[in-house]
Structure formats: structure tokens, C-alpha cells
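Below is final-v1.pdb, holding PDB, C-alpha atoms.
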```
ATOM      1  CA  MET D 931      74.652  75.877  57.197
ATOM      2  CA  VAL D 932      77.981  77.664  57.604
ATOM      3  CA  GLU D 933      78.740  78.500  61.252
ATOM      4  CA  LEU D 934      80.045  82.002  61.815
ATOM      5  CA  ALA D 935      82.044  83.370  64.728
ATOM      6  CA  LYS D 936      81.062  86.617  66.444
ATOM      7  CA  ASP D 937      83.297  88.623  64.125
ATOM      8  CA  GLY D 938      81.628  87.085  61.050
ATOM      9  CA  ILE D 939      84.457  84.703  60.161
ATOM     10  CA  SER D 940      83.406  81.256  59.001
ATOM     11  CA  ARG D 941      84.634  78.312  61.067
ATOM     12  CA  GLU D 942      84.177  75.990  58.109
ATOM     13  CA  GLY D 943      87.542  75.126  56.609
ATOM     14  CA  ALA D 944      89.414  77.383  59.048
ATOM     15  CA  SER D 945      92.939  76.372  59.955
ATOM     16  CA  ALA D 946      93.813  75.434  63.529
ATOM     17  CA  ALA D 947      95.481  78.814  64.058
ATOM     18  CA  GLU D 948      92.458  80.627  62.641
ATOM     19  CA  ARG D 949      90.133  78.634  64.920
ATOM     20  CA  ILE D 950      92.155  79.811  67.905
ATOM     21  CA  ARG D 951      91.859  83.443  66.802
ATOM     22  CA  ILE D 952      88.099  82.980  66.310
ATOM     23  CA  ALA D 953      87.815  81.369  69.747
ATOM     24  CA  LEU D 954      89.673  84.299  71.300
ATOM     25  CA  HIS D 955      87.150  86.734  69.829
ATOM     26  CA  ASP D 956      84.206  84.533  70.806
ATOM     27  CA  LEU D 957      85.237  83.920  74.407
ATOM     28  CA  GLY D 958      86.685  87.284  75.361
ATOM     29  CA  PRO D 959      89.260  86.931  78.183
ATOM     30  CA  ALA D 960      90.064  83.206  78.309
ATOM     31  CA  THR D 961      92.633  80.683  79.452
ATOM     32  CA  LEU D 962      94.686  78.552  77.089
ATOM     33  CA  SER D 963      92.632  75.532  78.169
ATOM     34  CA  ASP D 964      89.418  77.294  77.130
ATOM     35  CA  LEU D 965      90.888  78.282  73.765
ATOM     36  CA  SER D 966      92.286  74.845  73.000
ATOM     37  CA  ALA D 967      88.963  73.192  73.889
ATOM     38  CA  LEU D 968      86.896  75.516  71.686
ATOM     39  CA  ALA D 969      89.369  75.376  68.796
ATOM     40  CA  ASP D 970      89.868  71.616  69.218
ATOM     41  CA  VAL D 971      93.665  71.774  69.403
ATOM     42  CA  ARG D 972      96.274  70.819  71.974
ATOM     43  CA  PRO D 973      97.013  73.424  74.717
ATOM     44  CA  GLN D 974     100.680  73.505  73.657
ATOM     45  CA  TYR D 975      99.701  74.455  70.115
ATOM     46  CA  ALA D 976      97.245  77.069  71.417
ATOM     47  CA  ALA D 977     100.049  78.579  73.515
ATOM     48  CA  SER D 978     102.339  78.901  70.495
ATOM     49  CA  VAL D 979      99.613  80.553  68.393
ATOM     50  CA  VAL D 980      98.748  82.970  71.218
ATOM     51  CA  SER D 981     102.419  83.924  71.526
ATOM     52  CA  ARG D 982     102.491  84.810  67.828
ATOM     53  CA  LEU D 983      99.259  86.830  68.179
ATOM     54  CA  VAL D 984     100.719  88.742  71.142
ATOM     55  CA  LYS D 985     103.879  89.575  69.175
ATOM     56  CA  ALA D 986     101.725  90.742  66.257
ATOM     57  CA  GLY D 987      99.691  92.994  68.555
ATOM     58  CA  GLN D 988      96.496  90.986  67.982
ATOM     59  CA  ALA D 989      96.236  89.657  71.552
ATOM     60  CA  ARG D 990      97.382  90.648  75.013
ATOM     61  CA  ARG D 991      98.177  88.742  78.189
ATOM     62  CA  LEU D 992      96.109  89.706  81.260
ATOM     63  CA  GLY D 993      97.996  87.599  83.806
ATOM     64  CA  ARG D 994      97.525  84.167  85.421
ATOM     65  CA  GLY D 995      97.333  82.479  82.020
ATOM     66  CA  VAL D 996      94.449  84.648  80.786
ATOM     67  CA  VAL D 997      94.615  86.267  77.336
ATOM     68  CA  ALA D 998      92.285  88.554  75.388
ATOM     69  CA  ALA D 999      91.969  89.806  71.838
ATOM     70  CA  GLY D1000      93.460  93.191  70.959
ATOM     71  CA  SER D1001      96.663  94.947  71.955
ATOM     72  CA  HIS D1002      97.404  96.833  75.159
ATOM     73  CA  SER D1003      97.583 100.017  73.108
ATOM     74  CA  ALA D1004      93.926  99.482  72.164
ATOM     75  CA  ALA D1005      92.872  98.894  75.768
ATOM     76  CA  LEU D1006      90.808 101.426  77.637
ATOM     77  CA  ASP D1007      92.558 104.025  79.754
ATOM     78  CA  VAL D1008      89.963 104.756  82.424
ATOM     79  CA  SER D1009      90.483 105.903  85.995
ATOM     80  CA  VAL D1010      88.170 106.215  88.962
ATOM     81  CA  ARG D1011      86.265 109.511  88.862
ATOM     82  CA  LEU D1012      83.987 110.143  91.814
ATOM     83  CA  SER D1013      80.737 112.013  91.265
ATOM     84  CA  GLY D1014      79.904 115.197  93.159
ATOM     85  CA  PRO D1015      77.942 113.430  95.928
ATOM     86  CA  ALA D1016      80.659 110.815  96.302
ATOM     87  CA  ARG D1017      83.312 113.514  96.603
ATOM     88  CA  GLU D1018      81.192 115.134  99.324
ATOM     89  CA  LEU D1019      81.080 111.788 101.141
ATOM     90  CA  GLN D1020      84.851 111.573 100.842
ATOM     91  CA  ARG D1021      85.266 115.121 102.152
ATOM     92  CA  ARG D1022      82.936 114.673 105.133
ATOM     93  CA  LEU D1023      84.559 111.419 106.202
ATOM     94  CA  GLY D1024      88.049 112.816 105.664
ATOM     95  CA  ASP D1025      87.380 115.991 107.665
ATOM     96  CA  ALA D1026      86.232 113.810 110.559
ATOM     97  CA  GLU D1027      89.389 111.661 110.311
ATOM     98  CA  ALA D1028      87.315 108.532 109.767
ATOM     99  CA  ASN D1029      88.675 105.203 108.619
ATOM    100  CA  ALA D1030      86.482 104.327 105.632
ATOM    101  CA  ALA D1031      86.439 102.930 102.102
ATOM    102  CA  ILE D1032      84.299 104.183  99.226
ATOM    103  CA  SER D1033      83.236 101.369  96.899
ATOM    104  CA  GLY D1034      80.410 100.126  94.698
ATOM    105  CA  MET D1035      78.929 102.123  91.847
ATOM    106  CA  ASP D1036      80.666 105.346  92.871
ATOM    107  CA  VAL D1037      83.869 103.627  91.724
ATOM    108  CA  MET D1038      82.505 101.524  88.855
ATOM    109  CA  ALA D1039      80.402 104.210  87.115
ATOM    110  CA  PRO D1040      83.147 105.223  84.596
ATOM    111  CA  LEU D1041      83.022 101.718  83.112
ATOM    112  CA  GLY D1042      79.858 102.431  81.187
ATOM    113  CA  SER D1043      77.109 101.689  83.693
ATOM    114  CA  GLN D1044      73.594 102.324  82.442
ATOM    115  CA  LEU D1045      72.167 102.847  85.926
ATOM    116  CA  GLY D1046      72.345 106.639  85.795
ATOM    117  CA  GLY D1047      72.894 108.297  89.172
ATOM    118  CA  GLN D1048      70.280 106.414  91.225
ATOM    119  CA  TRP D1049      72.442 103.692  92.720
ATOM    120  CA  PRO D1050      73.055 103.528  96.498
ATOM    121  CA  HIS D1051      76.400 104.858  97.631
ATOM    122  CA  LEU D1052      78.425 102.098  99.310
ATOM    123  CA  ILE D1053      80.955 102.774 102.040
ATOM    124  CA  TYR D1054      82.715 100.559 104.554
ATOM    125  CA  VAL D1055      83.712 101.818 107.997
ATOM    126  CA  ASP D1056      85.428 100.286 111.000
ATOM    127  CA  ARG D1057      83.432  97.896 113.135
ATOM    128  CA  GLY D1058      81.427  99.806 115.688
ATOM    129  CA  ALA D1059      81.576 103.050 113.668
ATOM    130  CA  GLY D1060      78.480 102.585 111.490
ATOM    131  CA  ASP D1061      76.028 104.665 113.526
ATOM    132  CA  TRP D1062      78.654 107.327 114.101
ATOM    133  CA  ALA D1063      79.274 107.584 110.336
ATOM    134  CA  ALA D1064      75.532 107.794 109.637
ATOM    135  CA  ASP D1065      75.136 110.638 112.150
ATOM    136  CA  LEU D1066      78.098 112.390 110.554
ATOM    137  CA  LEU D1067      76.626 112.243 107.036
ATOM    138  CA  ARG D1068      72.979 113.082 107.730
ATOM    139  CA  PRO D1069      73.544 116.837 108.294
ATOM    140  CA  SER D1070      74.930 116.980 104.722
ATOM    141  CA  GLY D1071      71.643 115.633 103.392
ATOM    142  CA  PHE D1072      72.649 111.981 103.040
ATOM    143  CA  ARG D1073      70.123 109.329 103.994
ATOM    144  CA  ALA D1074      72.169 106.574 105.600
ATOM    145  CA  LEU D1075      71.336 102.916 106.253
ATOM    146  CA  VAL D1076      73.660 100.977 108.534
ATOM    147  CA  GLY D1077      73.867  97.248 107.870
ATOM    148  CA  PRO D1078      70.338  96.881 106.480
ATOM    149  CA  THR D1079      68.730  93.504 105.808
ATOM    150  CA  PRO D1080      68.063  92.586 102.154
ATOM    151  CA  ALA D1081      64.380  93.463 102.630
ATOM    152  CA  GLN D1082      65.218  96.868 104.114
ATOM    153  CA  LEU D1083      67.680  97.557 101.329
ATOM    154  CA  GLN D1084      65.173  96.597  98.658
ATOM    155  CA  SER D1085      62.497  98.823 100.211
ATOM    156  CA  ALA D1086      64.902 101.775 100.300
ATOM    157  CA  ALA D1087      65.941 101.224  96.676
ATOM    158  CA  GLU D1088      62.323 101.055  95.500
ATOM    159  CA  LEU D1089      61.723 104.585  96.781
ATOM    160  CA  GLY D1090      64.119 105.825  94.098
ATOM    161  CA  GLN D1091      65.879 108.189  96.493
ATOM    162  CA  GLU D1092      69.609 108.623  96.959
ATOM    163  CA  PHE D1093      70.997 106.971 100.067
ATOM    164  CA  VAL D1094      74.224 105.661 101.546
ATOM    165  CA  LEU D1095      74.654 101.989 102.382
ATOM    166  CA  ILE D1096      77.066 101.679 105.300
ATOM    167  CA  ARG D1097      78.670  98.357 106.139
ATOM    168  CA  GLU D1098      80.986  97.707 109.073
ATOM    169  CA  ARG D1099      84.178  95.767 108.421
ATOM    170  CA  SER D1100      87.617  95.417 109.929
ATOM    171  CA  LEU D1101      89.634  97.948 107.927
ATOM    172  CA  THR D1102      93.399  97.745 107.734
ATOM    173  CA  HIS D1103      94.128 101.210 106.363
ATOM    174  CA  PRO D1104      93.938 104.670 107.931
ATOM    175  CA  GLY D1105      91.929 107.517 106.453
ATOM    176  CA  VAL D1106      89.408 107.469 103.609
ATOM    177  CA  ARG D1107      90.298 105.139 100.758
ATOM    178  CA  VAL D1108      88.670 104.951  97.324
ATOM    179  CA  LYS D1109      88.757 101.311  96.316
ATOM    180  CA  PRO D1110      90.204 100.308  92.920
ATOM    181  CA  PHE D1111      88.012  98.819  90.206
ATOM    182  CA  GLU D1112      88.980  95.254  91.081
ATOM    183  CA  GLU D1113      87.893  95.472  94.722
ATOM    184  CA  ALA D1114      84.809  97.593  94.008
ATOM    185  CA  TRP D1115      83.506  95.046  91.506
ATOM    186  CA  VAL D1116      83.950  92.187  93.977
ATOM    187  CA  ASP D1117      82.178  94.274  96.626
ATOM    188  CA  LEU D1118      79.224  94.763  94.270
ATOM    189  CA  LEU D1119      79.080  91.038  93.568
ATOM    190  CA  ALA D1120      79.029  90.292  97.296
ATOM    191  CA  GLU D1121      76.518  93.046  98.072
ATOM    192  CA  GLN D1122      74.179  91.878  95.309
ATOM    193  CA  LYS D1123      73.681  88.693  97.315
ATOM    194  CA  ARG D1124      72.709  90.895 100.270
ATOM    195  CA  GLY D1125      70.120  92.889  98.368
ATOM    196  CA  TYR D1126      72.104  95.600  96.569
ATOM    197  CA  PRO D1127      69.941  96.603  93.581
ATOM    198  CA  ILE D1128      72.168  95.676  90.668
ATOM    199  CA  ALA D1129      71.455  93.130  87.945
ATOM    200  CA  THR D1130      73.779  90.260  87.128
ATOM    201  CA  SER D1131      73.857  91.505  83.536
ATOM    202  CA  GLU D1132      75.196  94.856  84.765
ATOM    203  CA  LEU D1133      77.944  93.129  86.738
ATOM    204  CA  ALA D1134      78.849  91.079  83.661
ATOM    205  CA  SER D1135      78.936  94.215  81.503
ATOM    206  CA  MET D1136      81.314  95.926  83.926
ATOM    207  CA  LEU D1137      83.555  92.873  84.070
ATOM    208  CA  GLU D1138      83.735  92.880  80.277
ATOM    209  CA  ALA D1139      84.689  96.562  80.358
ATOM    210  CA  MET D1140      87.338  95.838  82.981
ATOM    211  CA  ALA D1141      88.861  93.249  80.649
ATOM    212  CA  ARG D1142      89.710  96.090  78.272
ATOM    213  CA  LEU D1143      91.521  98.143  80.898
ATOM    214  CA  SER D1144      95.260  98.311  80.348
ATOM    215  CA  SER D1145      95.903  98.538  84.092
ATOM    216  CA  ILE D1146      93.491  95.887  85.382
ATOM    217  CA  SER D1147      94.888  93.128  87.583
ATOM    218  CA  TRP D1148      93.045  89.806  87.520
ATOM    219  CA  THR D1149      95.194  88.714  90.434
ATOM    220  CA  LYS D1150      93.708  91.548  92.506
ATOM    221  CA  ILE D1151      90.185  90.456  91.560
ATOM    222  CA  ILE D1152      90.887  86.874  92.628
ATOM    223  CA  ARG D1153      92.504  87.957  95.882
ATOM    224  CA  ALA D1154      89.656  90.352  96.684
ATOM    225  CA  ALA D1155      87.101  87.613  95.999
ATOM    226  CA  ARG D1156      88.946  85.165  98.229
ATOM    227  CA  ARG D1157      89.066  87.715 101.049
ATOM    228  CA  ARG D1158      85.365  88.483 100.724
ATOM    229  CA  TRP D1159      84.202  84.884 100.599
ATOM    230  CA  THR D1160      86.576  83.718 103.322
ATOM    231  CA  HIS D1161      85.331  86.613 105.433
ATOM    232  CA  THR D1162      81.683  85.742 104.688
ATOM    233  CA  ALA D1163      82.147  82.054 105.407
ATOM    234  CA  SER D1164      83.921  82.618 108.739
ATOM    235  CA  ARG D1165      81.988  85.616 109.942
ATOM    236  CA  PRO D1166      79.409  83.880 112.212
ATOM    237  CA  SER D1167      81.981  81.892 114.188
ATOM    238  CA  ALA D1168      84.461  84.769 114.241
ATOM    239  CA  ALA D1169      81.871  87.092 115.748
ATOM    240  CA  ILE D1170      81.369  84.665 118.622
ATOM    241  CA  SER D1171      84.921  83.465 119.256
ATOM    242  CA  ARG D1172      86.828  86.711 118.826
ATOM    243  CA  ARG D1173      85.393  89.502 120.897
ATOM    244  CA  THR D1174      87.930  92.163 119.970
ATOM    245  CA  PRO D1175      87.745  95.718 121.333
ATOM    246  CA  ALA D1176      85.709  98.123 119.245
ATOM    247  CA  SER D1177      87.690 100.013 116.611
ATOM    248  CA  ARG D1178      88.706 103.536 117.451
ATOM    249  CA  CYS D1179      86.006 105.940 116.348
ATOM    250  CA  PRO D1180      86.729 109.646 115.968
ATOM    251  CA  PRO D1181      84.648 111.807 118.293
ATOM    252  CA  ALA D1182      81.449 113.197 116.844
ATOM    253  CA  THR D1183      81.665 116.778 115.715
TER     254      THR D1183
END
```
Can you turn what I pasted into C-alpha cells?
Amino acid sequence: MVELAKDGISREGASAAERIRIALHDLGPATLSDLSALADVRPQYAASVVSRLVKAGQARRLGRGVVAAGSHSAALDVSVRLSGPARELQRRLGDAEANAAISGMDVMAPLGSQLGGQWPHLIYVDRGAGDWAADLLRPSGFRALVGPTPAQLQSAAELGQEFVLIRERSLTHPGVRVKPFEEAWVDLLAEQKRGYPIATSELASMLEAMARLSSISWTKIIRAARRRWTHTASRPSAAISRRTPASRCPPAT
């Protein structure tokens, strides 16, 4: 039986260079080591073929040794576009001079999510400001949950009603910030482990869409992931050993 690649090209009798091109289509974003292993060639030869494909506009470099099929001119040009409710969140927090970050599906929705508009809004506020932020948003009709447990979050999601998930973190920026795609995706990955109602397949689909963005930075994704997992791993001891003063919270209005 003749084995076909995803694009319908036969591997049987393919040259080494053609096997690399097939591997690039099969794997999606991949390192030279991945390509050379799948195509059964030396990494040095894979690098030379990839360079020729890049010059021909048939591949593009994504950074940190990662390449993908297609040219940058064929990449998606998508920017963050907040929905109406998310813009209202941004306005309310901004008017109150809060330090906050909008993340999650409000940021990632333009990348082809199939979840509709029923995902929880996800915002991060300074430590100690969670209850204050919830009280600020409720008069605008937002149902807010501050640092819920996975069980509480799952129960809220099962009701099918719109709500805001508020997490407290040590923020380093003033004002209300809309996170970029890279950070928002990492936040969703971390929050999924804490009960955020999103499937792994949906996260994978968004990551695949991100790979087609001309402006995406894989370095930012890696750095964001390292910050999140370092923060998660050290959080219990840090909470005990470093009793820092509560972050400044704007007065309630």
C-alpha cells in the first residue's frame, strides 16, 4: 500500500528533499530535529533544504529553530478584538483606575473558536483586589467569581450563564491591559487545569491558528509558560514566606 502524506503526496520513491517538504506539511510548526527524524535525513541536510524552501516562499521561520509550511505573506493577519461585554469590562475597570489584565477567551476568540459567546470572562487583578473588583462589576450586570475552586467553577459553567472569573496575581503594569494572544493562550492552558471549561482539542486548535499568525512570537509563549509554571510551583511557599503588603486598591465608587 502506498503511504500518502496529509497533502496527498506519496512518500514512496520521494527524494530526501521531498520527504522534508512532506514532513513539514505533516507536522505543522516543527524543529529541524523533528523534520530530519521524520524524513530520515541528517539535521544539517534538513537545514539546507529548509533554507531553500524559505527563499522560495514555501516555508517560514517562526523563531527558536521552529519552521512552518507557507510564506509569511500567506499567514493570518488577526488582531485582538474584544466583544461588547469584554469592552464593558475594560471600561468599568479603567474608569475605576484598576490594575487588571483581560485574558482568556475574550482575547482568543478571533482565532476561530467554536465556543460561541458562552465562555467565562477571565481577568486578573492585583492581590487583595478580587472582592473589590467583583463589587465594582456586579452593578453592570456581571456575575463575578473570585478565585473559585475547580468544583465551583464547573458548577457555574454548567448553568450556562455568563460570568467573570477573577483571579488575583501580582501585576507589574498599571491600568487595564489586554493580554496578547501568546499570554492569553498560556493563561487558558493553566486555567484549564483549575477547572476552566475548555477542551484540550480547543486549545490545540487555537495553537494551530496561532502558528499561522505573521506576528506571533513563540519566544513569548515559552516565556509566559515559564512564568506561569514557576509561579504555580512556588506559590505555596511564597505565600507563607513573603507576607508583602496588600496591593493598592482604588477606593470603591
Expand the PyMOL selection byres ((chain D and resi 951) around 9) into the explicit residue set it covers here, and present it as number ranges by chain.
D: 946-950, 952-956, 965, 969, 979-980, 983, 988-989, 999
Using the chain letters and numbers from the file, which residues does the PyMOL selection byres ((chain D and resi 1052-1059) around 6) grab, as a PyMOL selection string?
chain D and resi 1030-1034+1051+1060-1062+1094-1101+1176-1177+1179
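The coordinates place atom CA of Ser1070 of chain D at 11.9 Å from atom CA of Gln1020 of chain D.
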Starting from the displayed file, determine the output of the PyMOL selection byres ((chain D and resi 1024) around 12) and express the residue list as a list of chain:residue names.
D:Arg1017, D:Glu1018, D:Leu1019, D:Gln1020, D:Arg1021, D:Arg1022, D:Leu1023, D:Asp1025, D:Ala1026, D:Glu1027, D:Ala1028, D:Asn1029, D:Ala1030, D:Ala1031, D:Ile1032, D:Ala1063, D:Leu1066, D:Leu1067, D:Pro1104, D:Gly1105, D:Val1106, D:Arg1107, D:Val1108, D:Pro1180
So the first atom is atom CA of Leu1075 of chain D and the second is atom CA of Gln1122 of chain D; what is the distance between them in Å, to one decimal place?
15.8 Å
Please enclose the listed atoms of segment 1142-1147 of chain D in an axis-aligned box, pad each side by 8 Å, and write out the centre and the three edge lengths in Å, rounded to one decimal, as AutoDock Vina command-line options.
```
--center_x 92.8 --center_y 95.8 --center_z 82.9 --size_x 22.2 --size_y 21.4 --size_z 25.3
```
So, with only C-alpha atoms as the atoms that count, which of D:Leu1041, D:Ala1155, D:Leu1119, D:Leu962 lies closest to Glu1138 of chain D?
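Answer, going by the shortest atom-to-atom distance: D:Leu1041.
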Please list as a compact mmCIF listing (two decimals) with C-alpha atoms, in the frame of the given file every residue within 7 Å of Val996 of chain D, counting only C-alpha atoms and excluding residues in the same chain fewer than 4 positions away.
```txt
# COMPACT_ATOMS: atom_id res chain seq x y z
CA PRO D 959 89.26 86.93 78.18
CA ALA D 960 90.06 83.21 78.31
CA THR D 961 92.63 80.68 79.45
CA ARG D 991 98.18 88.74 78.19
CA LEU D 992 96.11 89.71 81.26
```
Measuring between all atoms listed in the file, which one of D:Ala1120, D:Ile1146, D:Val997, D:Met1038 shows the shortest distance to Ser963 of chain D?
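For Ser963 of chain D, the nearest of the given residues is D:Val997.
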Completion of segment 1020-1039 of chain D up to N, CA and C atoms, as a PDB file, keeping the file's coordinate frame:
```pdb
ATOM      1  N   GLN D1020      83.421 111.682 100.578  1.00  0.00           N
ATOM      2  CA  GLN D1020      84.851 111.573 100.842  1.00  0.00           C
ATOM      3  C   GLN D1020      85.332 112.733 101.707  1.00  0.00           C
ATOM      4  N   ARG D1021      84.850 113.935 101.392  1.00  0.00           N
ATOM      5  CA  ARG D1021      85.266 115.121 102.152  1.00  0.00           C
ATOM      6  C   ARG D1021      84.779 115.058 103.592  1.00  0.00           C
ATOM      7  N   ARG D1022      83.497 114.714 103.785  1.00  0.00           N
ATOM      8  CA  ARG D1022      82.936 114.673 105.133  1.00  0.00           C
ATOM      9  C   ARG D1022      83.655 113.644 105.997  1.00  0.00           C
ATOM     10  N   LEU D1023      83.879 112.467 105.455  1.00  0.00           N
ATOM     11  CA  LEU D1023      84.559 111.419 106.202  1.00  0.00           C
ATOM     12  C   LEU D1023      86.009 111.795 106.479  1.00  0.00           C
ATOM     13  N   GLY D1024      86.662 112.413 105.483  1.00  0.00           N
ATOM     14  CA  GLY D1024      88.049 112.816 105.664  1.00  0.00           C
ATOM     15  C   GLY D1024      88.203 113.908 106.700  1.00  0.00           C
ATOM     16  N   ASP D1025      87.310 114.904 106.678  1.00  0.00           N
ATOM     17  CA  ASP D1025      87.380 115.991 107.665  1.00  0.00           C
ATOM     18  C   ASP D1025      87.218 115.473 109.085  1.00  0.00           C
ATOM     19  N   ALA D1026      86.450 114.384 109.232  1.00  0.00           N
ATOM     20  CA  ALA D1026      86.232 113.810 110.559  1.00  0.00           C
ATOM     21  C   ALA D1026      87.284 112.775 110.933  1.00  0.00           C
ATOM     22  N   GLU D1027      88.290 112.605 110.080  1.00  0.00           N
ATOM     23  CA  GLU D1027      89.389 111.661 110.311  1.00  0.00           C
ATOM     24  C   GLU D1027      88.877 110.232 110.493  1.00  0.00           C
ATOM     25  N   ALA D1028      87.870 109.881 109.695  1.00  0.00           N
ATOM     26  CA  ALA D1028      87.315 108.532 109.767  1.00  0.00           C
ATOM     27  C   ALA D1028      88.178 107.545 108.997  1.00  0.00           C
ATOM     28  N   ASN D1029      88.112 106.294 109.401  1.00  0.00           N
ATOM     29  CA  ASN D1029      88.675 105.203 108.619  1.00  0.00           C
ATOM     30  C   ASN D1029      87.536 104.623 107.798  1.00  0.00           C
ATOM     31  N   ALA D1030      87.598 104.742 106.481  1.00  0.00           N
ATOM     32  CA  ALA D1030      86.482 104.327 105.632  1.00  0.00           C
ATOM     33  C   ALA D1030      86.982 103.975 104.242  1.00  0.00           C
ATOM     34  N   ALA D1031      86.141 103.279 103.495  1.00  0.00           N
ATOM     35  CA  ALA D1031      86.439 102.930 102.102  1.00  0.00           C
ATOM     36  C   ALA D1031      85.207 103.195 101.260  1.00  0.00           C
ATOM     37  N   ILE D1032      85.379 103.918 100.172  1.00  0.00           N
ATOM     38  CA  ILE D1032      84.299 104.183  99.226  1.00  0.00           C
ATOM     39  C   ILE D1032      84.373 103.135  98.129  1.00  0.00           C
ATOM     40  N   SER D1033      83.230 102.494  97.836  1.00  0.00           N
ATOM     41  CA  SER D1033      83.236 101.369  96.899  1.00  0.00           C
ATOM     42  C   SER D1033      81.969 101.397  96.059  1.00  0.00           C
ATOM     43  N   GLY D1034      81.654 100.267  95.435  1.00  0.00           N
ATOM     44  CA  GLY D1034      80.410 100.126  94.698  1.00  0.00           C
ATOM     45  C   GLY D1034      80.353 100.952  93.429  1.00  0.00           C
ATOM     46  N   MET D1035      79.157 101.430  93.105  1.00  0.00           N
ATOM     47  CA  MET D1035      78.929 102.123  91.847  1.00  0.00           C
ATOM     48  C   MET D1035      79.612 103.484  91.788  1.00  0.00           C
ATOM     49  N   ASP D1036      79.920 104.087  92.907  1.00  0.00           N
ATOM     50  CA  ASP D1036      80.666 105.346  92.871  1.00  0.00           C
ATOM     51  C   ASP D1036      82.027 105.143  92.218  1.00  0.00           C
ATOM     52  N   VAL D1037      82.589 103.953  92.350  1.00  0.00           N
ATOM     53  CA  VAL D1037      83.869 103.627  91.724  1.00  0.00           C
ATOM     54  C   VAL D1037      83.670 103.103  90.301  1.00  0.00           C
ATOM     55  N   MET D1038      82.665 102.240  90.116  1.00  0.00           N
ATOM     56  CA  MET D1038      82.505 101.524  88.855  1.00  0.00           C
ATOM     57  C   MET D1038      81.808 102.319  87.760  1.00  0.00           C
ATOM     58  N   ALA D1039      81.186 103.443  88.092  1.00  0.00           N
ATOM     59  CA  ALA D1039      80.402 104.210  87.115  1.00  0.00           C
ATOM     60  C   ALA D1039      81.158 104.542  85.828  1.00  0.00           C
TER      61      ALA D1039
END
```
